[in-house]
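Novice: Okay, here's the structure, questions in a sec.
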Amino acid sequence: MDSFVINGGKKLTGEIQIHGSKNSVLPILAASFLVNGKSVIHNCPLLSDVDAALKILTHLGCKVERDGHTVAIDSENVTSSEIPDSLMREMRSSVIFLGAILGRTGEAKLSTPGGCEIGLRPIDMHISAIKQLGAELSEEHGRLEFKVPDKLKGAKITLPFPSVGATENIIIASCVAQGATIISNAAREPEIADLADYLNSCGAKIHSAGDSTIVIEGVKQLHSTNHTVIPDRIAASTYLIAAAATGGKVCIKDIIPAHIGALIPVLKQSGCEITESNRWVCLSAPKRLNRVSIIRTMPYPGFPTDAQAPLTAMLSLADGTSVIIENIFECRYKHVSELIRLGAKISVEGRTAVIEGVPKLTGASVVAPDLRGGFALIIAGLAAVGETVITGIEHIDRGYEKPEVFLSQLGADIKRKESYAEQRQQE
Ligand code: UD1
């Protein structure tokens, strides 16, 4: 397994362009299975989760071609409606294929994705919604078999919680259902609107995606299209937080500042100067960051759970004590024990983390517990004095494109060290 070796203490300075959004491209790739034709997707990030999604599409009979950040998926002749367990396990978001497979073939066989590093992540809301659209489910030995006896039929669906994945599955399945579907208490994340933009460009009729009530008029079939994925607001947030933690001065180009609207006031409160236009955000950090008022992670437009771990790393260097309450996932503090190895003073009780800022962190060997928690360790390592070695970085590669390249561009001393086994393989 690869590791990152960081020599900390260097202020990040300069400008970078952020890659396409992981959380947009994954449902878009899944939805491309519905299309009777070719989807050409631009600004597709180079991530291992994207590789996993493309493997699933190939398994289902789609022809997939990739040229850098552009992917072409030809779903004209699909051949399967089953995702094997091994592919389901590669990516938790594989459940997002459910709506597309059912919509296209009238049946779907997949396994329960199970829990993951950040929580149990049940799929009860996905299943209940898909049943309301007319699918029947039989379950055996962890395998789920869905069948649509007639055709998917539009329905009025009220989600008990604005689940991002469940909203996406409903949109995808219902855009080829008979009649209209109304989703109430839908998730409002920008990635939902991006998915709807993609599907509408294929001929779907999805209205008000991005609001909490979404209306979908079913159409017979979808046609070929080109789509450009929105910039990754979580990656943008992460790099801004990293700049703040190192006392740096960084501009992030080609992002949509409104998408990081919940983070900006937090960074300002910590003492950072922020300037923004309609396509970029610049941050200049103070000598020492201030503590911030209590942060509660919430569905969009609230503070994103995905930025919680990076922010925890930043606040561990602030002057004073900050408090974070994690409302979305139940196990999302696994990075804390690793941050403590670098000298952070954080205590966690249930969903609350109390972060007592320290004047400095010192390098240590740590293990990335999950995707965002892994990047939190990079941030701590960049700000720490001395060397930090992070293993388990395959988690980070799921959602951040070549972080060592982007961070080196900003002046960081970070290197990817290939494992001994991989070096031998290349020889
Ligand atoms: C998506 C994002 C992830 C982000 C999360 C919350 C993608 C690929 N991933 O994940 O980065 O952290 O939104 O913003 O877009 N839940 C249930 N039953 C369900 C579905 C969800 O109980 O059927 C719970 C989850 O366990 C969690 C909460 O609802 O506690 C929110 O989950 P959800 O919004 O569905 O997140 P994901 O779509 O999995």
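Residues are named by chain letter and number: chains run A, B, ... in the order of the structure tokens, numbers start at 1 in each chain, and ligands are numbered from 1 in the order shown.
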Given a cut-off of 6 Å, what residues near ligand 1 show up using only C-alpha atoms and all ligand atoms, put as a PDB file with N, CA, C and O atoms, in the first residue's frame?
Specialist:
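Output file selection-v7.pdb follows:
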```pdb
ATOM      1  N   ASN A  23     -19.012  13.536  -6.054  1.00  0.00           N
ATOM      2  CA  ASN A  23     -20.397  13.206  -5.696  1.00  0.00           C
ATOM      3  C   ASN A  23     -21.388  13.536  -6.802  1.00  0.00           C
ATOM      4  O   ASN A  23     -22.542  13.115  -6.749  1.00  0.00           O
ATOM      5  N   SER A  93     -21.148   3.791  -2.897  1.00  0.00           N
ATOM      6  CA  SER A  93     -22.165   4.484  -3.698  1.00  0.00           C
ATOM      7  C   SER A  93     -22.716   3.611  -4.809  1.00  0.00           C
ATOM      8  O   SER A  93     -23.524   4.079  -5.612  1.00  0.00           O
ATOM      9  N   LEU A 120     -23.175   3.125   9.675  1.00  0.00           N
ATOM     10  CA  LEU A 120     -23.912   1.937   9.213  1.00  0.00           C
ATOM     11  C   LEU A 120     -24.392   2.088   7.775  1.00  0.00           C
ATOM     12  O   LEU A 120     -24.432   1.152   7.007  1.00  0.00           O
ATOM     13  N   ARG A 121     -24.766   3.277   7.429  1.00  0.00           N
ATOM     14  CA  ARG A 121     -25.256   3.641   6.094  1.00  0.00           C
ATOM     15  C   ARG A 121     -26.304   2.665   5.549  1.00  0.00           C
ATOM     16  O   ARG A 121     -26.084   1.996   4.531  1.00  0.00           O
ATOM     17  N   PRO A 122     -27.454   2.562   6.232  1.00  0.00           N
ATOM     18  CA  PRO A 122     -28.519   1.704   5.715  1.00  0.00           C
ATOM     19  C   PRO A 122     -29.068   2.256   4.398  1.00  0.00           C
ATOM     20  O   PRO A 122     -28.819   3.412   4.049  1.00  0.00           O
ATOM     21  N   ILE A 123     -29.828   1.411   3.670  1.00  0.00           N
ATOM     22  CA  ILE A 123     -30.414   1.881   2.399  1.00  0.00           C
ATOM     23  C   ILE A 123     -31.942   1.752   2.426  1.00  0.00           C
ATOM     24  O   ILE A 123     -32.579   1.614   1.386  1.00  0.00           O
ATOM     25  N   ASP A 124     -32.503   1.795   3.645  1.00  0.00           N
ATOM     26  CA  ASP A 124     -33.954   1.633   3.782  1.00  0.00           C
ATOM     27  C   ASP A 124     -34.747   2.670   2.983  1.00  0.00           C
ATOM     28  O   ASP A 124     -35.784   2.359   2.385  1.00  0.00           O
ATOM     29  N   MET A 125     -34.249   3.910   2.937  1.00  0.00           N
ATOM     30  CA  MET A 125     -35.006   4.953   2.208  1.00  0.00           C
ATOM     31  C   MET A 125     -34.977   4.693   0.701  1.00  0.00           C
ATOM     32  O   MET A 125     -35.968   4.935   0.005  1.00  0.00           O
ATOM     33  N   HIS A 126     -33.829   4.186   0.208  1.00  0.00           N
ATOM     34  CA  HIS A 126     -33.738   3.854  -1.227  1.00  0.00           C
ATOM     35  C   HIS A 126     -34.773   2.760  -1.538  1.00  0.00           C
ATOM     36  O   HIS A 126     -35.532   2.865  -2.504  1.00  0.00           O
ATOM     37  N   SER A 163     -32.037  12.418   2.246  1.00  0.00           N
ATOM     38  CA  SER A 163     -30.879  11.594   1.848  1.00  0.00           C
ATOM     39  C   SER A 163     -30.461  11.936   0.419  1.00  0.00           C
ATOM     40  O   SER A 163     -31.288  11.943  -0.500  1.00  0.00           O
ATOM     41  N   VAL A 164     -29.161  12.184   0.249  1.00  0.00           N
ATOM     42  CA  VAL A 164     -28.634  12.529  -1.075  1.00  0.00           C
ATOM     43  C   VAL A 164     -28.804  11.340  -2.024  1.00  0.00           C
ATOM     44  O   VAL A 164     -29.381  11.449  -3.105  1.00  0.00           O
ATOM     45  N   GLY A 165     -28.320  10.177  -1.596  1.00  0.00           N
ATOM     46  CA  GLY A 165     -28.356   8.992  -2.462  1.00  0.00           C
ATOM     47  C   GLY A 165     -29.779   8.572  -2.792  1.00  0.00           C
ATOM     48  O   GLY A 165     -30.075   8.214  -3.937  1.00  0.00           O
ATOM     49  N   ALA A 166     -30.681   8.606  -1.801  1.00  0.00           N
ATOM     50  CA  ALA A 166     -32.061   8.181  -2.062  1.00  0.00           C
ATOM     51  C   ALA A 166     -32.721   9.148  -3.051  1.00  0.00           C
ATOM     52  O   ALA A 166     -33.417   8.724  -3.987  1.00  0.00           O
ATOM     53  N   PRO A 299     -27.592  18.787   6.422  1.00  0.00           N
ATOM     54  CA  PRO A 299     -27.771  18.689   4.967  1.00  0.00           C
ATOM     55  C   PRO A 299     -27.582  20.068   4.322  1.00  0.00           C
ATOM     56  O   PRO A 299     -27.778  21.090   4.990  1.00  0.00           O
ATOM     57  N   THR A 305     -20.991  17.633   6.216  1.00  0.00           N
ATOM     58  CA  THR A 305     -20.286  16.607   7.001  1.00  0.00           C
ATOM     59  C   THR A 305     -18.941  16.262   6.362  1.00  0.00           C
ATOM     60  O   THR A 305     -17.983  15.941   7.059  1.00  0.00           O
ATOM     61  N   ASP A 306     -18.859  16.351   5.019  1.00  0.00           N
ATOM     62  CA  ASP A 306     -17.612  15.978   4.351  1.00  0.00           C
ATOM     63  C   ASP A 306     -16.467  16.962   4.638  1.00  0.00           C
ATOM     64  O   ASP A 306     -15.310  16.646   4.374  1.00  0.00           O
ATOM     65  N   ILE A 328     -24.725  14.010  10.794  1.00  0.00           N
ATOM     66  CA  ILE A 328     -25.117  13.191   9.633  1.00  0.00           C
ATOM     67  C   ILE A 328     -24.688  11.723   9.794  1.00  0.00           C
ATOM     68  O   ILE A 328     -25.499  10.821   9.605  1.00  0.00           O
ATOM     69  N   PHE A 329     -23.424  11.487  10.098  1.00  0.00           N
ATOM     70  CA  PHE A 329     -22.945  10.101  10.224  1.00  0.00           C
ATOM     71  C   PHE A 329     -22.508   9.820  11.655  1.00  0.00           C
ATOM     72  O   PHE A 329     -21.908  10.678  12.309  1.00  0.00           O
TER      73      PHE A 329
END
```
Novice: Just want the 7 Å neighbourhood of range 349-355 of chain A, counted on only C-alpha atoms, with same-chain residues fewer than 3 positions away dropped. Output as a list of chain:residue names.
Specialist: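 The filter keeps A:Leu315, A:Ser316, A:Thr321, A:Ser322, A:Val323, A:Ile324, A:Ile325, A:Glu326, A:Asn327, A:Glu330, A:Lys345, A:Ile346.
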Novice: Set the distance at 7 Å and use only C-alpha atoms: which residues neighbour Ile183 in chain A once local chain neighbours fewer than 4 positions away are removed? I'd like the list as a list in words.
Specialist: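 The residues that qualify are Lys156, Ile157, Thr158, Thr213, Ile214 and Val215 of chain A.
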Novice: Taking N, CA, C and O atoms for each residue, export the selection above as a short mmCIF file (atom, residue, chain, number, x, y, z; two decimals), in the first residue's frame.
Specialist:
```
data_model
loop_
_atom_site.label_atom_id
_atom_site.label_comp_id
_atom_site.auth_asym_id
_atom_site.auth_seq_id
_atom_site.Cartn_x
_atom_site.Cartn_y
_atom_site.Cartn_z
N LYS A 156 -45.96 9.75 -5.34
CA LYS A 156 -45.63 10.88 -4.43
C LYS A 156 -44.80 10.28 -3.32
O LYS A 156 -45.29 9.43 -2.56
N ILE A 157 -43.55 10.70 -3.20
CA ILE A 157 -42.64 10.09 -2.22
C ILE A 157 -42.16 11.18 -1.26
O ILE A 157 -41.62 12.21 -1.69
N THR A 158 -42.37 10.93 0.03
CA THR A 158 -41.85 11.87 1.03
C THR A 158 -40.71 11.19 1.78
O THR A 158 -40.90 10.13 2.38
N THR A 213 -38.70 20.21 -3.00
CA THR A 213 -39.72 19.44 -3.71
C THR A 213 -39.30 19.35 -5.18
O THR A 213 -39.08 20.37 -5.83
N ILE A 214 -39.16 18.13 -5.66
CA ILE A 214 -38.71 17.91 -7.04
C ILE A 214 -39.83 17.19 -7.79
O ILE A 214 -40.43 16.25 -7.25
N VAL A 215 -40.11 17.65 -9.01
CA VAL A 215 -41.14 17.00 -9.82
C VAL A 215 -40.48 16.38 -11.06
O VAL A 215 -39.68 17.04 -11.73
#
```
Novice: Going by DSSP on the backbone, which residues of range 280-323 of chain A come out as helix (DSSP H, G or I)? List them as a VMD selection string.
Specialist: chain A and resid 305 to 315
Novice: Identify, on the basis of only C-alpha atoms, every residue whose closest approach to Gly302 in chain A does not exceed 10 Å; exclude the query and any residue fewer than 6 positions from it along the same chain; express the result as a list in words.
Specialist: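 Final neighbour list, sorted by chain and number: Glu189, Ile260, Gly261, Ala262, Leu263, Ile295 and Arg296 of chain A.
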Novice: Counting only C-alpha atoms, figure out which residue out of A:Glu356, A:Glu76, A:Glu117, A:Glu140 gets nearest to Leu222 in chain A.
Specialist: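 Selected residue with least distance to Leu222 in chain A: A:Glu76.
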Novice: Can you tell me, as a ChimeraX atom specification, what residues are no more than 6 Å from range 40-51 of chain A when counting only C-alpha atoms, ignoring any on the same chain fewer than 6 positions away?
Specialist: /A:19-20,69-72,226-229,397-399,401
Novice: Kindly save the residues from that selection, with N, CA and C atoms included, as a PDB file, in the first residue's frame.
Specialist:
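Result went into result32.pdb, see below:
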```pdb
ATOM      1  N   HIS A  19     -10.668  19.791  -9.341  1.00  0.00           N
ATOM      2  CA  HIS A  19     -11.205  18.771 -10.255  1.00  0.00           C
ATOM      3  C   HIS A  19     -12.734  18.686 -10.161  1.00  0.00           C
ATOM      4  N   GLY A  20     -13.314  17.905 -11.048  1.00  0.00           N
ATOM      5  CA  GLY A  20     -14.764  17.715 -11.082  1.00  0.00           C
ATOM      6  C   GLY A  20     -15.252  16.987  -9.840  1.00  0.00           C
ATOM      7  N   HIS A  69      -9.666  13.509 -18.694  1.00  0.00           N
ATOM      8  CA  HIS A  69     -10.826  13.870 -17.874  1.00  0.00           C
ATOM      9  C   HIS A  69     -12.151  13.753 -18.634  1.00  0.00           C
ATOM     10  N   THR A  70     -12.120  13.082 -19.789  1.00  0.00           N
ATOM     11  CA  THR A  70     -13.370  12.858 -20.530  1.00  0.00           C
ATOM     12  C   THR A  70     -13.649  11.359 -20.616  1.00  0.00           C
ATOM     13  N   VAL A  71     -14.892  11.006 -20.323  1.00  0.00           N
ATOM     14  CA  VAL A  71     -15.288   9.598 -20.387  1.00  0.00           C
ATOM     15  C   VAL A  71     -16.495   9.494 -21.309  1.00  0.00           C
ATOM     16  N   ALA A  72     -16.481   8.496 -22.183  1.00  0.00           N
ATOM     17  CA  ALA A  72     -17.638   8.252 -23.052  1.00  0.00           C
ATOM     18  C   ALA A  72     -18.229   6.900 -22.681  1.00  0.00           C
ATOM     19  N   ASN A 226     -23.820  15.333 -24.120  1.00  0.00           N
ATOM     20  CA  ASN A 226     -22.512  15.753 -23.583  1.00  0.00           C
ATOM     21  C   ASN A 226     -22.788  16.489 -22.301  1.00  0.00           C
ATOM     22  N   HIS A 227     -21.992  16.295 -21.270  1.00  0.00           N
ATOM     23  CA  HIS A 227     -22.224  17.018 -20.020  1.00  0.00           C
ATOM     24  C   HIS A 227     -20.889  17.303 -19.343  1.00  0.00           C
ATOM     25  N   THR A 228     -20.783  18.486 -18.729  1.00  0.00           N
ATOM     26  CA  THR A 228     -19.570  18.825 -17.963  1.00  0.00           C
ATOM     27  C   THR A 228     -19.920  18.847 -16.470  1.00  0.00           C
ATOM     28  N   VAL A 229     -19.193  18.059 -15.698  1.00  0.00           N
ATOM     29  CA  VAL A 229     -19.455  17.913 -14.260  1.00  0.00           C
ATOM     30  C   VAL A 229     -19.055  19.196 -13.518  1.00  0.00           C
ATOM     31  N   ASP A 397      -7.427   8.449  -2.162  1.00  0.00           N
ATOM     32  CA  ASP A 397      -7.481   8.383  -3.630  1.00  0.00           C
ATOM     33  C   ASP A 397      -8.894   8.148  -4.153  1.00  0.00           C
ATOM     34  N   ARG A 398      -9.814   7.733  -3.296  1.00  0.00           N
ATOM     35  CA  ARG A 398     -11.203   7.561  -3.720  1.00  0.00           C
ATOM     36  C   ARG A 398     -11.824   8.899  -4.110  1.00  0.00           C
ATOM     37  N   GLY A 399     -11.385   9.980  -3.436  1.00  0.00           N
ATOM     38  CA  GLY A 399     -12.123  11.229  -3.611  1.00  0.00           C
ATOM     39  C   GLY A 399     -11.294  12.465  -3.905  1.00  0.00           C
ATOM     40  N   GLU A 401      -8.205  13.875  -6.390  1.00  0.00           N
ATOM     41  CA  GLU A 401      -7.320  13.540  -7.509  1.00  0.00           C
ATOM     42  C   GLU A 401      -5.905  14.004  -7.167  1.00  0.00           C
TER      43      GLU A 401
END
```
Novice: Would you please work out which residue, of A:Glu145, A:Asp85, A:Asp211, A:Glu139, is nearest to Pro113 in chain A when using only C-alpha atoms?
Specialist: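 So, comparing all the options, the nearest one is A:Asp85.
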Novice: CA of Ala364 in chain A and CA of Leu339 in chain A are how many Å apart?
Specialist: 9.2 Å
Novice: If you run DSSP on the backbone here, which positions in range 234-418 of chain A get strand (DSSP E)? Please write them as a PyMOL selection string.
Specialist: chain A and resi 249-253+273-276+281-284+295-296+321-325+345-349+352-356+365-367+387-391+413-417
